[in-house]
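As stored in upload37.cif (mmCIF, C-alpha atoms and all ligand atoms):
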```
data_upload
#
loop_
_atom_site.label_atom_id
_atom_site.label_comp_id
_atom_site.auth_asym_id
_atom_site.auth_seq_id
_atom_site.Cartn_x
_atom_site.Cartn_y
_atom_site.Cartn_z
CA MET I 1 1.97 20.40 -18.98
CA LYS I 2 1.58 17.59 -16.45
CA PRO I 3 4.97 16.40 -15.17
CA THR I 4 5.89 12.75 -15.60
CA PRO I 5 7.10 10.35 -12.90
CA VAL I 6 10.86 9.78 -13.10
CA LYS I 7 12.04 7.96 -9.98
CA LEU I 8 10.57 5.91 -7.14
CA PHE I 9 12.44 5.66 -3.84
CA ASP I 10 11.37 2.22 -2.77
CA PHE I 11 12.01 -0.90 -0.68
CA SER I 12 10.85 -4.33 -1.77
CA PHE I 13 9.32 -5.41 1.58
CA SER I 14 7.32 -2.20 1.96
CA GLY I 15 3.59 -2.54 1.28
CA ALA I 16 3.28 1.25 1.05
CA SER I 17 5.92 1.31 -1.69
CA TYR I 18 4.22 -1.64 -3.39
CA LYS I 19 1.12 0.52 -4.01
CA ALA I 20 3.20 2.87 -6.16
CA ARG I 21 5.15 0.02 -7.81
CA LEU I 22 1.91 -1.79 -8.69
CA ALA I 23 0.23 1.34 -10.10
CA LEU I 24 3.30 2.07 -12.25
CA SER I 25 3.18 -1.46 -13.63
CA LEU I 26 -0.59 -1.39 -14.30
CA LEU I 27 -0.21 1.94 -16.09
CA GLU I 28 2.87 0.72 -18.02
CA LEU I 29 4.94 3.65 -16.75
CA THR I 30 8.71 3.21 -16.68
CA VAL I 31 10.68 4.98 -13.96
CA GLU I 32 14.05 4.64 -12.29
CA PHE I 33 13.97 2.85 -8.91
CA GLU I 34 16.24 3.57 -5.97
CA SER I 35 16.17 1.10 -3.10
CA ILE I 36 16.27 2.73 0.35
CA ASP I 37 17.07 -0.01 2.85
CA LEU I 38 14.73 0.33 5.83
CA MET I 39 16.63 -2.22 7.88
CA ALA I 40 19.89 -0.27 7.43
CA TRP I 41 18.09 2.93 8.54
CA GLU I 42 18.68 4.52 5.12
CA THR I 43 15.38 6.43 5.46
CA ARG I 44 17.13 8.34 8.28
CA SER I 45 20.22 9.28 6.26
CA ASP I 46 20.93 12.99 5.61
CA TYR I 47 20.67 12.20 1.90
CA PHE I 48 17.13 10.82 2.18
CA ILE I 49 15.85 13.26 4.82
CA SER I 50 16.85 16.14 2.55
CA LYS I 51 14.32 14.69 0.08
CA ASN I 52 11.65 13.59 2.55
CA PRO I 53 11.76 15.13 6.05
CA VAL I 54 9.22 12.52 7.20
CA ALA I 55 11.92 9.85 6.59
CA GLN I 56 9.59 7.39 4.90
CA ILE I 57 9.30 5.60 1.62
CA PRO I 58 7.69 5.59 -0.89
CA LEU I 59 8.76 8.87 -2.42
CA LEU I 60 8.08 9.71 -6.07
CA GLU I 61 10.19 12.22 -7.96
CA LEU I 62 8.51 13.98 -10.88
CA SER I 63 10.08 15.48 -14.01
CA ASP I 64 9.62 19.04 -12.67
CA GLY I 65 11.55 18.17 -9.49
CA THR I 66 8.48 17.72 -7.25
CA LEU I 67 8.93 15.07 -4.56
CA LEU I 68 5.62 13.40 -3.68
CA ARG I 69 5.32 11.45 -0.44
CA GLU I 70 2.47 9.40 1.16
CA SER I 71 1.60 6.27 -0.80
CA ASN I 72 -2.09 7.12 -1.19
CA ALA I 73 -1.27 10.62 -2.49
CA ILE I 74 1.21 9.08 -4.95
CA LEU I 75 -1.43 6.56 -6.00
CA THR I 76 -4.00 9.32 -6.49
CA TRP I 77 -1.64 11.40 -8.61
CA LEU I 78 -0.52 8.44 -10.75
CA THR I 79 -4.05 7.21 -11.45
CA GLU I 80 -5.70 10.62 -11.98
CA GLY I 81 -7.12 10.77 -15.53
CA THR I 82 -6.87 6.98 -16.01
CA PRO I 83 -9.59 4.28 -15.72
CA LEU I 84 -8.21 3.50 -12.25
CA MET I 85 -9.59 6.78 -10.85
CA PRO I 86 -13.35 7.44 -11.26
CA THR I 87 -14.56 10.82 -12.52
CA ASN I 88 -17.95 10.57 -10.79
CA SER I 89 -17.76 12.67 -7.61
CA VAL I 90 -19.37 10.11 -5.32
CA GLU I 91 -17.15 7.29 -6.58
CA ARG I 92 -14.06 9.49 -6.18
CA ALA I 93 -15.08 10.19 -2.59
CA GLN I 94 -15.53 6.43 -2.08
CA VAL I 95 -12.02 5.81 -3.45
CA PHE I 96 -10.66 8.28 -0.86
CA GLN I 97 -12.88 6.74 1.83
CA TRP I 98 -11.11 3.38 1.27
CA MET I 99 -7.68 5.01 1.04
CA PHE I 100 -8.18 6.78 4.40
CA PHE I 101 -9.49 3.53 5.90
CA GLU I 102 -6.40 1.80 4.54
CA SER I 103 -4.12 4.35 6.12
CA SER I 104 -5.75 4.32 9.56
CA ASN I 105 -7.11 0.77 9.93
CA ILE I 106 -5.10 -1.49 7.61
CA ASP I 107 -1.53 -0.17 7.31
CA LYS I 108 -1.37 0.61 11.03
CA ASN I 109 -2.63 -2.85 12.04
CA LEU I 110 -2.09 -5.49 9.34
CA GLY I 111 1.08 -3.81 8.09
CA ARG I 112 2.54 -3.43 11.57
CA CYS I 113 1.81 -7.07 12.53
CA ARG I 114 3.48 -8.25 9.28
CA PHE I 115 6.55 -6.12 9.96
CA MET I 116 6.89 -7.29 13.57
CA GLU I 117 6.41 -10.98 12.72
CA THR I 118 9.03 -10.69 9.95
CA TYR I 119 11.49 -8.69 12.05
CA PRO I 120 10.70 -9.81 15.65
CA ASP I 121 13.70 -7.99 17.12
CA TRP I 122 11.73 -4.77 16.63
CA LYS I 123 8.90 -5.94 18.92
CA LYS I 124 10.84 -4.71 21.96
CA MET I 125 10.37 -1.15 20.69
CA LEU I 126 6.59 -1.42 21.14
CA PRO I 127 4.76 -0.68 24.39
CA PRO I 128 3.22 -3.76 26.11
CA GLY I 129 -0.05 -4.85 24.51
CA HIS I 130 0.44 -2.77 21.38
CA LEU I 131 0.82 -5.67 18.96
CA GLU I 132 -2.18 -7.48 20.47
CA MET I 133 -4.25 -4.32 19.91
CA CYS I 134 -3.04 -4.15 16.28
CA ALA I 135 -4.03 -7.81 15.81
CA TYR I 136 -7.51 -7.16 17.25
CA LEU I 137 -8.07 -4.00 15.18
CA GLY I 138 -6.71 -5.76 12.08
CA GLU I 139 -9.35 -8.49 12.43
CA GLU I 140 -12.00 -5.76 12.78
CA ALA I 141 -10.78 -4.14 9.55
CA LEU I 142 -10.85 -7.48 7.70
CA LYS I 143 -14.44 -8.06 8.91
CA VAL I 144 -15.51 -4.68 7.47
CA LEU I 145 -13.82 -5.49 4.18
CA ASP I 146 -15.25 -9.01 3.99
CA GLU I 147 -18.78 -7.74 4.59
CA HIS I 148 -18.36 -5.02 1.93
CA LEU I 149 -17.08 -7.56 -0.60
CA ARG I 150 -19.90 -10.03 0.09
CA SER I 151 -21.87 -8.65 -2.88
CA LYS I 152 -19.16 -6.75 -4.77
CA GLN I 153 -16.36 -7.67 -7.16
CA TYR I 154 -14.26 -4.58 -6.35
CA LEU I 155 -14.35 -1.89 -3.67
CA VAL I 156 -15.88 1.00 -5.64
CA GLY I 157 -18.36 1.07 -8.51
CA GLU I 158 -17.90 -2.56 -9.56
CA ARG I 159 -14.62 -1.94 -11.29
CA TYR I 160 -10.96 -2.09 -10.37
CA THR I 161 -9.79 1.31 -9.05
CA SER I 162 -6.93 2.77 -7.08
CA ALA I 163 -8.93 1.94 -3.92
CA ASP I 164 -8.35 -1.76 -4.65
CA ILE I 165 -4.60 -1.17 -5.18
CA SER I 166 -4.35 0.71 -1.89
CA VAL I 167 -6.22 -1.81 0.24
CA PHE I 168 -4.75 -4.88 -1.50
CA ALA I 169 -1.16 -3.91 -0.68
CA TYR I 170 -1.22 -4.93 2.99
CA VAL I 171 -4.30 -7.20 2.97
CA HIS I 172 -3.03 -9.81 0.50
CA CYS I 173 0.14 -10.45 2.57
CA SER I 174 -1.55 -10.16 5.98
CA GLU I 175 -1.03 -13.90 6.69
CA GLU I 176 2.65 -13.00 7.18
CA GLY I 177 1.39 -10.98 10.16
CA GLY I 178 -0.62 -13.85 11.64
CA PHE I 179 -4.04 -13.19 10.06
CA LYS I 180 -5.93 -16.03 8.32
CA LEU I 181 -7.51 -14.96 5.05
CA GLY I 182 -9.40 -18.29 5.00
CA ASP I 183 -11.60 -16.71 7.71
CA TYR I 184 -12.52 -13.97 5.22
CA PRO I 185 -13.62 -15.78 2.03
CA ASN I 186 -14.86 -12.65 0.23
CA VAL I 187 -11.56 -10.89 0.87
CA LYS I 188 -9.66 -13.97 -0.29
CA ALA I 189 -11.67 -14.16 -3.55
CA TRP I 190 -11.16 -10.42 -4.16
CA CYS I 191 -7.38 -10.85 -3.68
CA GLU I 192 -7.40 -13.52 -6.40
CA ARG I 193 -9.36 -11.19 -8.74
CA VAL I 194 -6.82 -8.40 -8.14
CA LYS I 195 -3.90 -10.80 -8.79
CA ASP I 196 -5.48 -11.77 -12.13
CA ARG I 197 -5.54 -8.19 -13.47
CA PRO I 198 -3.37 -7.56 -16.54
CA GLY I 199 -0.13 -5.86 -15.53
CA HIS I 200 -0.29 -7.15 -11.94
CA ILE I 201 3.05 -7.72 -10.21
CA PRO I 202 3.65 -9.46 -6.86
CA ILE I 203 4.98 -7.51 -3.89
CA ASP I 204 8.43 -9.12 -4.15
CA TYR I 205 8.86 -8.38 -7.84
CA GLN I 206 11.90 -6.13 -8.14
CA PRO I 207 11.95 -4.01 -11.28
CA TYR I 208 15.60 -3.05 -10.59
N1 LIG G 1 1.66 6.94 5.56
C1 LIG G 1 2.86 6.56 4.86
C2 LIG G 1 3.55 5.42 5.58
C3 LIG G 1 4.85 5.03 4.90
C4 LIG G 1 5.66 4.12 5.78
O1 LIG G 1 5.24 3.70 6.88
N2 LIG G 1 6.84 3.81 5.29
C5 LIG G 1 7.73 2.95 6.03
C6 LIG G 1 8.02 1.70 5.20
S1 LIG G 1 6.57 0.76 4.87
C7 LIG G 1 9.03 3.67 6.25
O2 LIG G 1 9.57 4.27 5.34
N3 LIG G 1 9.58 3.62 7.48
C8 LIG G 1 10.88 4.12 7.73
C9 LIG G 1 11.04 4.89 8.98
O3 LIG G 1 10.00 5.19 9.62
O4 LIG G 1 12.19 5.19 9.31
C10 LIG G 1 2.51 6.15 3.42
O5 LIG G 1 1.43 5.59 3.21
O6 LIG G 1 3.34 6.40 2.52
#
```
Go ahead and render the structure in this file as structure tokens.
Ligand SMILES: N[C@@H](CCC(=O)N[C@@H](CS)C(=O)NCC(=O)O)C(=O)O
Amino acid sequence: MKPTPVKLFDFSFSGASYKARLALSLLELTVEFESIDLMAWETRSDYFISKNPVAQIPLLELSDGTLLRESNAILTWLTEGTPLMPTNSVERAQVFQWMFFESSNIDKNLGRCRFMETYPDWKKMLPPGHLEMCAYLGEEALKVLDEHLRSKQYLVGERYTSADISVFAYVHCSEEGGFKLGDYPNVKAWCERVKDRPGHIPIDYQPY
């Protein structure tokens, strides 16, 4: 029997955690939430590291005791067997293609710029030029996305999938990191379509 999700270790500001929070809402799944305060270094506490040695949220606890980490793996597991995850092998591969792109090109660039602009004290921890490189690579990622969405409503197979959830998480709030979505009209229109989906919740919605 497939285990059920029971608890999400989460933090409101975190775009990675938002992917899991949004999928749970879209799928009408109720879980317990435990806030792990990034700014108070709670991800580095002995309590949390005993659950996730990588010291990162999100972390999803399942009814059989499994602890699942990595937002895109959590998203894949939650949406498996639902309309949010295609069954066609090519479309599934395309969902993963966008999730890997998200992890390497979006989270690392748009997500990092948003974090550093929101908490500028942390900028001193970065090597010189690092944030400028993230800003440049973030624009490159938005260009790829905007071109893809020129003739498409959603990222894969013309319907809303977990690829859209994954990529939306850090793209829709990228203006907080200094990006201008007005420069990417297809991305901006896609963000509005995603926000209109039944069950959608904003990133700062706190279910606890
Ligand atoms: N690849 C991971 C990244 C998760 C991640 O970067 N989590 C951040 C918050 S958004 C975190 O927990 N940082 C705490 C730390 O590094 O101490 C995923 O997608 O889940």
Leaving out region 66-79 of chain I and any residue of its chain fewer than 6 positions from it, which residues lie within 10 Å of it when counting only C-alpha atoms, given as a ChimeraX atom specification? /I:3-5,7-9,15-24,26-27,29,51-60,85-86,95-96,99-100,102-103,161-163,165-167
Closest of I:Glu61, I:Asp10, I:Glu34, I:Asp183 to ligand LIG 1 (chain G) - atom-to-atom distances counting only C-alpha atoms and all ligand atoms: I:Asp10
State, in Å with one decimal place, the distance from CA of Arg112 (chain I) to CA of Arg159 (chain I). 28.6 Å
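Minimum atom-to-atom distance to Glu176 (chain I), evaluated using all atoms listed in the file, belongs to I:Thr118 out of I:Thr118, I:Leu145, I:Lys123, I:Arg193.
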Nearest to Ser12 (chain I), chosen from I:Gln153, I:Gln206, I:Leu181, I:Ala189, with all atoms listed in the file counted in the distances: I:Gln206
Atom-to-atom span, CA of Asn109 (chain I) and CA of Leu38 (chain I), Å: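 Separation between CA of Asn109 (chain I) and CA of Leu38 (chain I): 18.7 Å.
In this model, the gap between CA of Glu32 (chain I) and CA of Tyr160 (chain I) comes to 26.0 Å.
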Counting all atoms listed in the file, what is within 10 Å of Ser25 (chain I), bar same-chain residues fewer than 4 positions away, as a list in words?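 Non-adjacent residues within range: Ala20, Arg21, Leu29, Thr30, Val31, Pro198, Gly199, His200, Ile201 and Pro207 of chain I.
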Distance criterion (all atoms listed in the file): nearest to Glu117 (chain I) out of I:Ala40, I:Gly177, I:Asp46, I:Val194: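 Going through I:Ala40, I:Gly177, I:Asp46, I:Val194 one by one, the smallest distance to Glu117 (chain I) is for I:Gly177.
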Do you know which residues are at most 10 Å from region 129-143 of chain I counting only C-alpha atoms, after dropping those on the same chain fewer than 5 positions away, and could you put them as a PyMOL selection string? chain I and resi 101-102+104-114+116-117+123+148-149+171+174+177-181+183-184+186-187
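Candidate residues I:Val6, I:Leu84, I:Ile49, I:Val90 were compared for distance to ligand LIG 1 (chain G), and the nearest is I:Ile49, using only C-alpha atoms and all ligand atoms.
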Taking only C-alpha atoms and all ligand atoms into account, which of I:Phe168, I:Tyr208, I:Phe115, I:Trp190 comes nearest ligand LIG 1 (chain G)? I:Phe115
